[in-house]
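Chemist: Have a peek at target-v9.cif (mmCIF, C-alpha atoms).
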data_data
loop_
_atom_site.label_atom_id
_atom_site.label_comp_id
_atom_site.auth_asym_id
_atom_site.auth_seq_id
_atom_site.Cartn_x
_atom_site.Cartn_y
_atom_site.Cartn_z
CA MET A 1 -8.22 12.41 -1.39
CA ASN A 2 -10.37 11.53 -4.41
CA PRO A 3 -10.74 13.87 -7.41
CA ALA A 4 -14.35 14.43 -6.40
CA ASP A 5 -13.10 15.83 -3.09
CA LEU A 6 -11.30 18.49 -5.12
CA GLY A 7 -14.46 19.38 -7.01
CA LEU A 8 -13.17 17.70 -10.16
CA PRO A 9 -15.19 15.44 -12.47
CA VAL A 10 -14.59 11.72 -12.09
CA ASP A 11 -15.52 8.89 -14.42
CA VAL A 12 -15.37 5.78 -12.23
CA PRO A 13 -15.51 2.51 -14.18
CA SER A 14 -17.02 -0.67 -12.80
CA THR A 15 -14.60 -2.92 -10.93
CA ALA A 16 -16.77 -6.02 -11.46
CA LEU A 17 -14.43 -7.62 -14.02
CA PHE A 18 -11.35 -7.20 -11.82
CA THR A 19 -11.95 -10.79 -10.84
CA ASP A 20 -11.26 -14.38 -11.79
CA GLN A 21 -13.77 -16.40 -13.76
CA TYR A 22 -14.11 -19.04 -11.06
CA GLU A 23 -15.71 -16.51 -8.72
CA LEU A 24 -18.64 -16.35 -11.15
CA THR A 25 -18.78 -20.07 -11.82
CA MET A 26 -18.84 -20.74 -8.06
CA LEU A 27 -21.70 -18.27 -7.81
CA ARG A 28 -23.57 -20.04 -10.61
CA ALA A 29 -23.19 -23.43 -8.93
CA ALA A 30 -24.14 -22.08 -5.50
CA LEU A 31 -27.28 -20.45 -6.90
CA LYS A 32 -28.30 -23.74 -8.46
CA ALA A 33 -27.52 -25.67 -5.26
CA GLY A 34 -29.47 -23.26 -3.06
CA THR A 35 -26.42 -22.40 -0.94
CA ALA A 36 -25.60 -18.97 -2.38
CA GLU A 37 -27.53 -17.08 0.30
CA ARG A 38 -25.92 -18.78 3.26
CA ARG A 39 -24.49 -16.19 5.63
CA SER A 40 -20.69 -16.34 5.38
CA VAL A 41 -17.54 -14.85 6.83
CA PHE A 42 -14.39 -14.44 4.74
CA GLU A 43 -11.07 -13.21 6.13
CA VAL A 44 -7.91 -11.83 4.56
CA PHE A 45 -4.64 -12.85 6.19
CA THR A 46 -1.16 -14.06 5.37
CA ARG A 47 0.39 -17.22 6.72
CA ARG A 48 3.87 -15.69 6.75
CA LEU A 49 5.68 -12.43 6.13
CA PRO A 50 8.09 -12.12 3.20
CA GLU A 51 11.45 -13.59 4.12
CA GLY A 52 13.41 -11.35 6.46
CA ARG A 53 10.61 -8.84 7.08
CA ARG A 54 9.80 -7.96 10.69
CA TYR A 55 6.30 -6.56 10.12
CA GLY A 56 3.78 -5.90 7.37
CA VAL A 57 1.88 -2.68 6.62
CA VAL A 58 -1.81 -2.58 5.78
CA ALA A 59 -2.28 -0.37 2.73
CA GLY A 60 -4.92 -0.10 0.04
CA THR A 61 -7.94 -0.16 2.35
CA GLY A 62 -9.27 3.08 0.94
CA ARG A 63 -8.93 1.69 -2.57
CA VAL A 64 -10.72 -1.48 -1.48
CA LEU A 65 -13.66 0.60 -0.29
CA ASP A 66 -13.78 2.40 -3.63
CA ALA A 67 -13.66 -0.94 -5.45
CA VAL A 68 -16.51 -2.40 -3.40
CA GLU A 69 -18.66 0.68 -4.04
CA ASN A 70 -18.05 0.44 -7.78
CA PHE A 71 -18.48 -3.34 -8.08
CA ARG A 72 -21.43 -3.19 -10.47
CA PHE A 73 -22.43 -5.42 -13.37
CA ASP A 74 -23.63 -2.82 -15.85
CA ALA A 75 -25.06 -3.54 -19.29
CA GLY A 76 -21.67 -3.72 -20.96
CA VAL A 77 -20.30 -6.17 -18.42
CA ILE A 78 -23.41 -8.33 -18.56
CA GLY A 79 -23.20 -8.33 -22.35
CA PHE A 80 -19.59 -9.51 -22.25
CA LEU A 81 -20.43 -12.35 -19.84
CA ARG A 82 -23.41 -13.42 -21.96
CA GLU A 83 -21.41 -13.33 -25.21
CA ARG A 84 -18.67 -15.49 -23.73
CA GLY A 85 -21.14 -17.91 -22.14
CA ILE A 86 -19.34 -17.65 -18.82
CA VAL A 87 -22.52 -18.02 -16.74
CA ASP A 88 -26.16 -18.77 -17.46
CA ASP A 89 -29.08 -16.35 -17.73
CA GLU A 90 -30.22 -16.99 -14.15
CA THR A 91 -26.80 -15.93 -12.84
CA LEU A 92 -26.71 -12.92 -15.16
CA ASP A 93 -30.07 -11.77 -13.81
CA TRP A 94 -28.70 -12.06 -10.29
CA LEU A 95 -25.52 -10.17 -11.18
CA ALA A 96 -27.41 -7.33 -12.89
CA SER A 97 -28.80 -6.21 -9.54
CA TYR A 98 -25.65 -6.93 -7.51
CA ARG A 99 -24.86 -4.51 -4.71
CA PHE A 100 -22.75 -5.55 -1.76
CA SER A 101 -25.05 -5.27 1.27
CA GLY A 102 -22.89 -6.88 3.92
CA ASP A 103 -20.37 -5.70 6.51
CA ILE A 104 -16.61 -5.29 6.30
CA TRP A 105 -14.26 -4.94 9.27
CA GLY A 106 -10.51 -4.58 9.06
CA TYR A 107 -7.28 -3.28 10.46
CA PRO A 108 -7.29 0.48 9.88
CA GLU A 109 -5.10 1.46 6.97
CA GLY A 110 -1.53 2.22 8.04
CA GLN A 111 -1.68 -0.34 10.85
CA VAL A 112 0.97 -3.07 10.93
CA TYR A 113 0.18 -6.77 10.76
CA PHE A 114 1.79 -10.17 11.37
CA PRO A 115 1.27 -13.79 10.28
CA GLY A 116 -2.34 -14.76 10.97
CA SER A 117 -3.59 -11.21 11.49
CA PRO A 118 -7.17 -10.96 10.14
CA VAL A 119 -6.48 -7.74 8.27
CA LEU A 120 -9.93 -7.74 6.63
CA ARG A 121 -13.20 -9.54 7.44
CA VAL A 122 -16.04 -9.60 4.90
CA GLU A 123 -19.49 -10.75 6.04
CA GLY A 124 -22.68 -11.28 4.04
CA SER A 125 -24.16 -13.97 1.84
CA PHE A 126 -21.72 -16.36 0.21
CA ALA A 127 -22.77 -15.03 -3.17
CA GLU A 128 -22.05 -11.37 -2.51
CA CYS A 129 -18.81 -12.00 -0.59
CA VAL A 130 -17.14 -14.52 -2.88
CA LEU A 131 -17.28 -12.13 -5.84
CA LEU A 132 -15.02 -9.64 -4.03
CA GLU A 133 -12.12 -12.03 -3.43
CA THR A 134 -9.89 -11.22 -6.38
CA VAL A 135 -10.23 -7.46 -6.42
CA ILE A 136 -9.64 -7.23 -2.66
CA LEU A 137 -6.55 -9.41 -2.81
CA SER A 138 -5.24 -7.62 -5.89
CA ILE A 139 -5.34 -4.28 -4.09
CA LEU A 140 -4.16 -5.36 -0.65
CA ASN A 141 -1.32 -7.59 -1.87
CA HIS A 142 0.11 -4.87 -4.11
CA ASP A 143 -0.37 -1.83 -1.91
CA SER A 144 0.70 -3.51 1.33
CA ALA A 145 3.90 -4.77 -0.32
CA ILE A 146 4.78 -1.27 -1.51
CA ALA A 147 3.89 0.28 1.85
CA ALA A 148 6.07 -2.24 3.71
CA ALA A 149 9.05 -1.40 1.50
CA ALA A 150 8.32 2.31 1.92
CA SER A 151 8.14 1.92 5.68
CA ARG A 152 11.54 0.26 5.81
CA MET A 153 13.00 2.99 3.63
CA SER A 154 11.37 5.69 5.72
CA SER A 155 12.76 4.17 8.88
CA ALA A 156 16.24 4.00 7.33
CA ALA A 157 15.98 7.62 6.16
CA GLY A 158 15.11 8.98 9.59
CA ASP A 159 14.06 12.62 9.38
CA ARG A 160 15.22 12.99 5.78
CA PRO A 161 12.33 13.19 3.28
CA LEU A 162 11.73 10.57 0.61
CA ILE A 163 10.49 11.24 -2.93
CA GLU A 164 8.54 8.52 -4.75
CA MET A 165 9.62 8.47 -8.39
CA GLY A 166 8.88 4.99 -9.71
CA ALA A 167 6.16 5.67 -12.28
CA ARG A 168 8.38 4.82 -15.24
CA ARG A 169 9.32 1.48 -13.68
CA THR A 170 5.86 -0.09 -13.46
CA HIS A 171 2.42 -0.20 -15.08
CA GLU A 172 0.89 3.26 -15.41
CA LEU A 173 -2.07 2.42 -13.14
CA ALA A 174 0.07 0.51 -10.66
CA ALA A 175 2.27 3.61 -10.45
CA VAL A 176 -0.60 5.65 -9.02
CA ALA A 177 -1.42 2.98 -6.44
CA ALA A 178 2.27 2.64 -5.59
CA ALA A 179 2.61 6.37 -4.97
CA ARG A 180 -0.37 6.23 -2.62
CA ALA A 181 1.03 3.22 -0.75
CA ALA A 182 4.45 4.85 -0.50
CA TYR A 183 2.85 7.92 1.07
CA VAL A 184 1.16 5.66 3.63
CA GLY A 185 4.55 4.09 4.38
CA GLY A 186 6.26 7.41 5.10
CA PHE A 187 7.26 9.01 1.78
CA THR A 188 6.56 12.73 1.62
CA THR A 189 6.12 13.49 -2.10
CA THR A 190 5.70 11.85 -5.50
CA SER A 191 6.72 12.70 -9.04
CA ASP A 192 3.51 11.14 -10.41
CA LEU A 193 0.92 13.78 -11.28
CA ALA A 194 -1.92 11.26 -11.50
CA ALA A 195 -1.29 10.34 -7.87
CA GLY A 196 -1.29 14.01 -6.93
CA PHE A 197 -4.55 14.54 -8.81
CA ARG A 198 -6.36 11.49 -7.46
CA TYR A 199 -5.09 11.42 -3.87
CA GLY A 200 -3.81 14.90 -3.11
CA ILE A 201 -0.23 13.74 -2.53
CA PRO A 202 2.30 16.59 -2.84
CA THR A 203 4.16 16.43 -6.18
CA VAL A 204 7.70 17.49 -7.09
CA GLY A 205 10.00 17.47 -10.12
CA THR A 206 12.40 19.68 -12.04
CA SER A 207 14.53 18.25 -14.86
CA ALA A 208 16.31 15.18 -16.24
CA HIS A 209 19.60 14.69 -18.08
CA ALA A 210 17.78 15.21 -21.38
CA PHE A 211 17.22 18.86 -20.49
CA THR A 212 20.95 19.42 -19.97
CA LEU A 213 21.82 17.55 -23.16
CA LEU A 214 19.32 19.66 -25.10
CA HIS A 215 21.36 22.81 -24.54
CA ASP A 216 24.71 23.75 -26.03
CA THR A 217 26.34 23.98 -22.62
CA GLU A 218 25.53 22.94 -19.08
CA ARG A 219 25.54 26.61 -18.10
CA ASP A 220 22.87 27.33 -20.71
CA ALA A 221 20.72 24.53 -19.32
CA PHE A 222 21.10 25.73 -15.74
CA ARG A 223 20.37 29.31 -16.75
CA ALA A 224 17.20 28.26 -18.60
CA GLN A 225 15.97 26.27 -15.60
CA VAL A 226 16.71 29.00 -13.07
CA ASP A 227 15.09 31.64 -15.28
CA SER A 228 11.97 29.49 -15.48
CA LEU A 229 11.74 27.91 -12.01
CA GLY A 230 13.68 30.34 -9.83
CA ARG A 231 16.83 30.12 -7.75
CA GLY A 232 15.20 27.66 -5.35
CA THR A 233 15.08 24.95 -8.02
CA THR A 234 17.02 21.67 -7.98
CA LEU A 235 19.79 21.35 -10.57
CA LEU A 236 20.97 17.95 -11.78
CA VAL A 237 24.77 18.00 -11.57
CA ASP A 238 26.04 14.64 -12.79
CA THR A 239 25.49 14.84 -16.55
CA TYR A 240 29.17 15.57 -17.19
CA ASP A 241 31.69 16.51 -14.48
CA VAL A 242 30.11 16.89 -11.03
CA ALA A 243 32.59 19.36 -9.57
CA GLU A 244 32.38 21.62 -12.60
CA ALA A 245 28.58 21.38 -12.60
CA VAL A 246 28.34 22.37 -8.94
CA ARG A 247 30.58 25.35 -9.52
CA THR A 248 28.50 26.42 -12.52
CA ALA A 249 25.24 25.87 -10.67
CA VAL A 250 26.22 28.22 -7.86
CA GLU A 251 27.55 30.79 -10.32
CA VAL A 252 24.22 30.75 -12.18
CA ALA A 253 21.80 30.56 -9.25
CA GLY A 254 23.92 32.10 -6.53
CA PRO A 255 24.10 30.80 -2.95
CA GLU A 256 20.28 30.79 -2.91
CA LEU A 257 20.30 27.63 -5.08
CA GLY A 258 17.69 25.31 -3.63
CA ALA A 259 19.30 21.93 -4.20
CA VAL A 260 21.52 19.82 -6.39
CA ARG A 261 20.67 16.26 -7.41
CA ILE A 262 23.20 13.44 -7.79
CA ASP A 263 22.03 10.44 -9.81
CA SER A 264 25.13 8.29 -10.29
CA GLY A 265 28.51 7.29 -8.93
CA ASP A 266 29.67 6.49 -5.41
CA LEU A 267 26.93 8.48 -3.67
CA LEU A 268 28.62 8.44 -0.26
CA LEU A 269 31.89 9.84 -1.61
CA VAL A 270 30.30 12.24 -4.08
CA ALA A 271 27.88 13.64 -1.50
CA HIS A 272 30.73 14.51 0.86
CA ARG A 273 32.69 16.20 -1.91
CA VAL A 274 29.68 18.15 -3.12
CA ARG A 275 28.83 19.31 0.38
CA GLN A 276 32.37 20.58 0.91
CA GLN A 277 32.30 22.34 -2.44
CA LEU A 278 28.90 23.96 -1.83
CA ASP A 279 29.98 25.22 1.57
CA ALA A 280 33.23 26.61 0.13
CA LEU A 281 31.20 28.45 -2.51
CA GLY A 282 28.95 29.99 0.12
CA ALA A 283 25.91 27.84 -0.74
CA THR A 284 25.63 26.49 2.78
CA ASP A 285 21.83 26.14 2.62
CA THR A 286 21.76 24.35 -0.72
CA ARG A 287 20.45 20.84 -0.17
CA ILE A 288 21.75 17.60 -1.68
CA ILE A 289 19.27 15.12 -3.13
CA VAL A 290 20.44 11.66 -4.20
CA THR A 291 18.71 9.17 -6.48
CA SER A 292 20.14 6.22 -8.48
CA ASP A 293 18.34 2.90 -7.80
CA LEU A 294 18.17 3.28 -4.03
CA ASP A 295 16.67 0.75 -1.62
CA GLU A 296 16.47 0.65 2.18
CA TYR A 297 20.00 -0.75 2.46
CA ALA A 298 21.52 1.95 0.27
CA ILE A 299 19.60 4.60 2.21
CA ALA A 300 20.88 3.21 5.51
CA SER A 301 24.44 3.23 4.17
CA LEU A 302 24.10 6.96 3.49
CA ALA A 303 23.02 7.81 7.04
CA ALA A 304 26.35 9.48 7.78
CA ALA A 305 26.49 11.28 4.44
CA PRO A 306 25.52 14.95 4.05
CA VAL A 307 22.34 14.04 2.17
CA ASP A 308 19.11 15.97 2.63
CA ALA A 309 16.59 13.85 0.70
CA TYR A 310 16.31 10.62 -1.28
CA GLY A 311 14.48 9.83 -4.51
CA VAL A 312 13.45 6.19 -4.89
CA GLY A 313 11.96 4.46 -7.91
CA THR A 314 12.50 0.88 -9.06
CA GLN A 315 13.12 -0.76 -5.71
CA LEU A 316 10.07 0.91 -4.19
CA VAL A 317 7.48 0.03 -6.83
CA THR A 318 8.69 -3.59 -6.90
CA GLY A 319 8.39 -3.95 -3.13
CA SER A 320 12.17 -4.01 -2.70
CA GLY A 321 12.33 -7.65 -3.70
CA HIS A 322 8.91 -8.64 -2.34
CA PRO A 323 6.20 -7.42 -4.75
CA THR A 324 3.38 -9.27 -2.98
CA CYS A 325 2.38 -10.10 0.60
CA SER A 326 0.88 -13.52 -0.18
CA MET A 327 -2.40 -12.54 1.46
CA VAL A 328 -5.30 -14.95 1.00
CA TYR A 329 -9.09 -14.61 1.23
CA LYS A 330 -10.60 -17.60 2.99
CA LEU A 331 -14.06 -18.67 4.08
CA VAL A 332 -13.77 -19.16 7.86
CA ALA A 333 -17.43 -19.50 8.89
CA ARG A 334 -20.79 -20.08 7.22
CA ALA A 335 -24.37 -20.65 8.25
CA GLU A 336 -25.93 -24.10 8.26
CA SER A 337 -28.73 -22.90 5.97
CA ALA A 338 -30.00 -19.83 4.12
CA ASP A 339 -32.10 -18.90 7.15
CA PRO A 340 -30.81 -15.46 8.30
CA LYS A 341 -31.01 -16.71 11.90
CA ALA A 342 -29.07 -19.90 11.28
CA PRO A 343 -25.95 -20.11 13.47
CA LEU A 344 -22.48 -19.81 11.99
CA VAL A 345 -20.19 -22.82 12.05
CA PRO A 346 -16.41 -22.53 11.69
CA VAL A 347 -14.89 -23.94 8.50
CA ALA A 348 -11.28 -24.21 7.38
CA LYS A 349 -9.02 -25.98 4.95
CA LYS A 350 -7.27 -28.84 6.74
CA SER A 351 -5.16 -30.42 4.01
CA SER A 352 -1.41 -30.80 4.39
CA GLY A 353 1.20 -28.74 2.59
CA GLY A 354 1.47 -25.71 4.85
CA LYS A 355 -1.83 -24.15 3.76
CA THR A 356 -4.02 -24.97 6.73
CA SER A 357 -6.01 -22.17 8.32
CA LEU A 358 -8.00 -21.54 11.50
CA GLY A 359 -11.77 -21.54 11.19
CA GLY A 360 -14.17 -19.13 12.91
CA ARG A 361 -14.72 -15.38 12.88
CA LYS A 362 -11.64 -13.74 14.40
CA TRP A 363 -10.96 -10.79 16.59
CA ALA A 364 -7.45 -9.39 17.02
CA ALA A 365 -5.68 -7.33 19.65
CA ARG A 366 -2.12 -6.19 20.24
CA ARG A 367 -0.92 -6.73 23.78
CA PRO A 368 1.44 -4.06 25.12
CA ASP A 369 4.05 -4.49 27.81
CA ALA A 370 4.33 -2.34 30.93
CA ASP A 371 6.01 0.43 28.90
CA GLY A 372 3.34 0.48 26.20
CA VAL A 373 5.51 -1.31 23.65
CA ALA A 374 3.75 -4.05 21.68
CA GLU A 375 4.76 -7.55 22.75
CA ALA A 376 2.30 -9.89 20.97
CA GLU A 377 -0.38 -10.09 18.30
CA VAL A 378 -3.31 -11.97 19.83
CA VAL A 379 -5.90 -13.53 17.52
CA GLY A 380 -8.96 -15.31 18.88
CA THR A 381 -12.32 -16.82 18.00
CA GLY A 382 -14.00 -16.69 21.41
CA PRO A 383 -14.73 -13.92 23.90
CA VAL A 384 -12.16 -11.13 24.03
CA PRO A 385 -10.27 -11.18 27.37
CA ALA A 386 -11.06 -8.15 29.50
CA GLU A 387 -7.44 -7.00 29.54
CA LEU A 388 -7.44 -6.81 25.72
CA ALA A 389 -10.84 -5.18 25.26
CA ASP A 390 -9.37 -1.74 24.61
CA GLN A 391 -6.53 -3.08 22.43
CA GLN A 392 -8.66 -4.52 19.63
CA LEU A 393 -7.50 -3.80 16.12
CA LEU A 394 -10.42 -4.31 13.74
CA VAL A 395 -12.63 -1.33 12.93
CA GLU A 396 -15.87 -1.11 10.99
CA LEU A 397 -15.35 -0.15 7.34
CA VAL A 398 -18.64 -1.05 5.65
CA LYS A 399 -22.01 -1.43 7.40
CA GLY A 400 -24.99 -2.81 5.55
CA GLY A 401 -23.29 -2.12 2.24
CA GLU A 402 -22.52 1.52 3.07
CA VAL A 403 -18.92 2.71 3.50
CA VAL A 404 -18.42 4.10 7.01
CA GLY A 405 -14.65 3.87 7.41
CA ARG A 406 -13.14 6.09 4.72
CA GLU A 407 -10.31 8.31 6.02
CA PRO A 408 -8.10 11.13 4.73
CA LEU A 409 -4.76 9.82 3.49
CA ASP A 410 -2.79 12.05 5.86
CA VAL A 411 -4.55 10.43 8.82
CA VAL A 412 -3.53 7.01 7.51
CA ARG A 413 0.08 8.10 7.04
CA GLU A 414 0.29 9.57 10.53
CA ARG A 415 -1.22 6.39 11.98
CA HIS A 416 1.46 4.24 10.44
CA ILE A 417 4.28 6.38 11.78
CA ALA A 418 2.74 6.27 15.27
CA VAL A 419 2.08 2.51 15.19
CA ARG A 420 5.58 1.74 13.96
CA GLY A 421 6.94 3.78 16.82
CA ARG A 422 5.19 1.50 19.32
CA LEU A 423 6.87 -1.65 18.01
CA PRO A 424 10.03 -3.06 19.62
CA LEU A 425 13.21 -1.35 18.43
CA SER A 426 14.26 -4.47 16.54
CA ALA A 427 11.37 -3.84 14.11
CA THR A 428 13.50 -1.27 12.29
CA GLN A 429 16.53 -3.53 11.87
CA LEU A 430 17.27 -4.26 8.23
CA SER A 431 19.04 -7.53 8.96
CA ARG A 432 17.02 -10.65 8.24
CA GLY A 433 14.96 -11.91 11.14
CA GLU A 434 11.64 -13.26 12.33
CA PRO A 435 8.48 -11.15 12.80
CA VAL A 436 9.08 -8.70 15.59
CA LEU A 437 5.89 -9.87 17.36
CA PRO A 438 4.72 -13.45 17.86
CA THR A 439 1.13 -14.32 16.96
CA GLU A 440 -0.76 -16.00 19.78
CA TYR A 441 -4.06 -17.80 19.16
CA LEU A 442 -6.93 -18.01 21.62
CA VAL A 443 -9.38 -20.49 20.19
CA GLY A 444 -12.85 -20.54 21.70
CA ARG A 445 -16.43 -20.76 20.62
CA SER A 446 -17.02 -18.65 17.53
CA GLY A 447 -19.82 -16.12 17.88
CA SER A 448 -22.76 -16.11 15.49
#
Could you write out this file's structure as structure tokens?
Modeler:
Amino acid sequence: MNPADLGLPVDVPSTALFTDQYELTMLRAALKAGTAERRSVFEVFTRRLPEGRRYGVVAGTGRVLDAVENFRFDAGVIGFLRERGIVDDETLDWLASYRFSGDIWGYPEGQVYFPGSPVLRVEGSFAECVLLETVILSILNHDSAIAAAASRMSSAAGDRPLIEMGARRTHELAAVAAARAAYVGGFTTTSDLAAGFRYGIPTVGTSAHAFTLLHDTERDAFRAQVDSLGRGTTLLVDTYDVAEAVRTAVEVAGPELGAVRIDSGDLLLVAHRVRQQLDALGATDTRIIVTSDLDEYAIASLAAAPVDAYGVGTQLVTGSGHPTCSMVYKLVARAESADPKAPLVPVAKKSSGGKTSLGGRKWAARRPDADGVAEAEVVGTGPVPAELADQQLLVELVKGGEVVGREPLDVVRERHIAVRGRLPLSATQLSRGEPVLPTEYLVGRSGS
């Protein structure tokens, strides 16, 4: 959800400078050469998943749509480009009236992807499409990496809720995007208020160790928090002695105490001891929340522990060791001339070094087995086989420059959970392995 959806004022800056200089110098040269208006098709894909990952998660699509809408070269931007001499006056005149007028298709946000999956397809003139490369990749590479980590953590957590709390571990703007991507991947709440404001994600938070240290005694701190936030609050119990803190917490709040949070130590052992102590004190409904630099492996190791929720920060916002998806934005087809009716011809980089790609506009479908479980990612450039016609993955996102594919974030989140559930069971294994689905290519005549 955007702030505007909440009836709140929004000052949306231009995204036009979220790009690399060579996008503009390519535009300048193409304008001079007379090739800028050739109809072109660019695709976003990755050649491989991060090592050990079984699937990727498409996230950031909604932010991409916002970025495309706000990709405008206003007077300030044009002035900056002129002052720096980055492009000539002819190019500046062209940029001043820039509005993306093409079409964008892509995997719906929350969908999973595999090596070679055309997760986004951008079509229009070369000039208008090439300018979007950097901002699109910046968003998709970051958000999809966070969502993939979140998905693995969500799978490891099972039915236990996950709290995103990584804002202090990354750039302040990246923190908002990370909270959104984590929600797509299965997290239920965030501590970041900017993410709650901008996207409507539920927010949570109570107190840190500083609040306990502020007071003369731990009891005073607990009393102040309960008096302010009520008996259902969450009390942090590992500032000093955990057992003593739990006893004090229940004495102050009574058995109606909402939860206790443990942020250090051997979480498996401490959680068991705290659960036994809470039950003995009559606080049988008091929940246990654990934090402390968790990742998917630590969460999985606590599956048998009496833990009710997890708070995750650093490992989430850094992609749990894989902060990018290595997605690329490649020209795969272009017209033979600037004539709008000129046919498209496939193009692709063919040099050695593991960076070759397949030319032609792609379609993609996911073939299910007899039980409805996905068994292959099928990518093709020719006609779609009849048996895969209703399994196609790309949906229309932008038509003639107008956004048509924006969705509520809850719909995206629910999609991911459903799609993940239709993957083979090995998709949720945390051990290193190959992509859970093979990518099969059907190469035929590319349509125009």
Chemist: Could you please give me, as a ChimeraX atom specification, the residues of protein, DNA or RNA lying at most 10 Å from (22.8, 22.0, -19.9) in the coordinate frame of the file, considering all atoms listed in the file?
Modeler: /A:209-225,235-237,239-240,245
Chemist: Any chance you could work out the residue set of the PyMOL selection byres ((chain A and resi 368) around 12) here, as a list in words?
Modeler: Ala365, Arg366, Arg367, Asp369, Ala370, Asp371, Gly372, Val373, Ala374, Glu375, Ala376, Glu377, Val378, Glu387, Leu388, Asp390, Gln391, Gln392, Val419, Arg422, Leu423, Pro424 and Leu437 of chain A
Chemist: Do you know which residues are at most 7 Å from Lys330 of chain A counting all atoms listed in the file, after dropping those on the same chain fewer than 4 positions away, and could you put them as JSON, numbers by chain?
Modeler: {"A": [42, 43, 44]}
Chemist: Please, what distance in Å, to one decimal, runs between atom CA of Gly79 of chain A and atom CA of Thr91 of chain A?
Modeler: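 These atoms are spaced 12.7 Å apart.
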Chemist: Run through the PyMOL selection byres ((chain A and resi 81) around 12) on the given coordinates and return the selected residues as a PyMOL selection string.
Modeler: chain A and resi 16-17+21+24-25+73-80+82-89+91-93+95-96
Chemist: Which residues would end up in the selection if the PyMOL selection byres ((chain A and resi 336-339) around 10) were applied here, given that I need the answer as an MDAnalysis selection string?
Modeler: chainID A and resid 34:40 125:126 333:335 340:345
Chemist: Extract, using all atoms listed in the file, all DNA, RNA and protein residues at most 8 Å from Glu133 of chain A, discarding same-chain residues fewer than 2 positions from it, and format them as a PDB file with C-alpha atoms, in the frame of the given file.
Modeler:
ATOM      1  CA  THR A  19     -11.950 -10.790 -10.840  1.00  0.00           C
ATOM      2  CA  GLU A  23     -15.710 -16.510  -8.720  1.00  0.00           C
ATOM      3  CA  CYS A 129     -18.810 -12.000  -0.590  1.00  0.00           C
ATOM      4  CA  VAL A 130     -17.140 -14.520  -2.880  1.00  0.00           C
ATOM      5  CA  LEU A 131     -17.280 -12.130  -5.840  1.00  0.00           C
ATOM      6  CA  VAL A 135     -10.230  -7.460  -6.420  1.00  0.00           C
ATOM      7  CA  ILE A 136      -9.640  -7.230  -2.660  1.00  0.00           C
ATOM      8  CA  LEU A 137      -6.550  -9.410  -2.810  1.00  0.00           C
ATOM      9  CA  TYR A 329      -9.090 -14.610   1.230  1.00  0.00           C
TER      10      TYR A 329
END
Chemist: Quick one: residues within 12 Å of Gly110 of chain A, all atoms listed in the file, excluding same-chain residues fewer than 5 positions away - as a CSV table (one decimal) with C-alpha atoms, in the frame of the given file?
Modeler:
chain,number,residue,atom,x,y,z
A,55,TYR,CA,6.3,-6.6,10.1
A,56,GLY,CA,3.8,-5.9,7.4
A,57,VAL,CA,1.9,-2.7,6.6
A,58,VAL,CA,-1.8,-2.6,5.8
A,59,ALA,CA,-2.3,-0.4,2.7
A,60,GLY,CA,-4.9,-0.1,0.0
A,61,THR,CA,-7.9,-0.2,2.4
A,62,GLY,CA,-9.3,3.1,0.9
A,119,VAL,CA,-6.5,-7.7,8.3
A,140,LEU,CA,-4.2,-5.4,-0.6
A,143,ASP,CA,-0.4,-1.8,-1.9
A,144,SER,CA,0.7,-3.5,1.3
A,146,ILE,CA,4.8,-1.3,-1.5
A,147,ALA,CA,3.9,0.3,1.8
A,148,ALA,CA,6.1,-2.2,3.7
A,150,ALA,CA,8.3,2.3,1.9
A,151,SER,CA,8.1,1.9,5.7
A,180,ARG,CA,-0.4,6.2,-2.6
A,181,ALA,CA,1.0,3.2,-0.8
A,182,ALA,CA,4.4,4.8,-0.5
A,183,TYR,CA,2.8,7.9,1.1
A,184,VAL,CA,1.2,5.7,3.6
A,185,GLY,CA,4.6,4.1,4.4
A,186,GLY,CA,6.3,7.4,5.1
A,393,LEU,CA,-7.5,-3.8,16.1
A,407,GLU,CA,-10.3,8.3,6.0
A,408,PRO,CA,-8.1,11.1,4.7
A,409,LEU,CA,-4.8,9.8,3.5
A,410,ASP,CA,-2.8,12.0,5.9
A,411,VAL,CA,-4.6,10.4,8.8
A,412,VAL,CA,-3.5,7.0,7.5
A,413,ARG,CA,0.1,8.1,7.0
A,414,GLU,CA,0.3,9.6,10.5
A,415,ARG,CA,-1.2,6.4,12.0
A,416,HIS,CA,1.5,4.2,10.4
A,417,ILE,CA,4.3,6.4,11.8
A,418,ALA,CA,2.7,6.3,15.3
A,419,VAL,CA,2.1,2.5,15.2
A,420,ARG,CA,5.6,1.7,14.0
Chemist: How far is it from atom CA of Gly382 of chain A to atom CA of Leu65 of chain A, in Å with one decimal?
Modeler: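 Rounded to one decimal, the two atoms are 27.7 Å apart.
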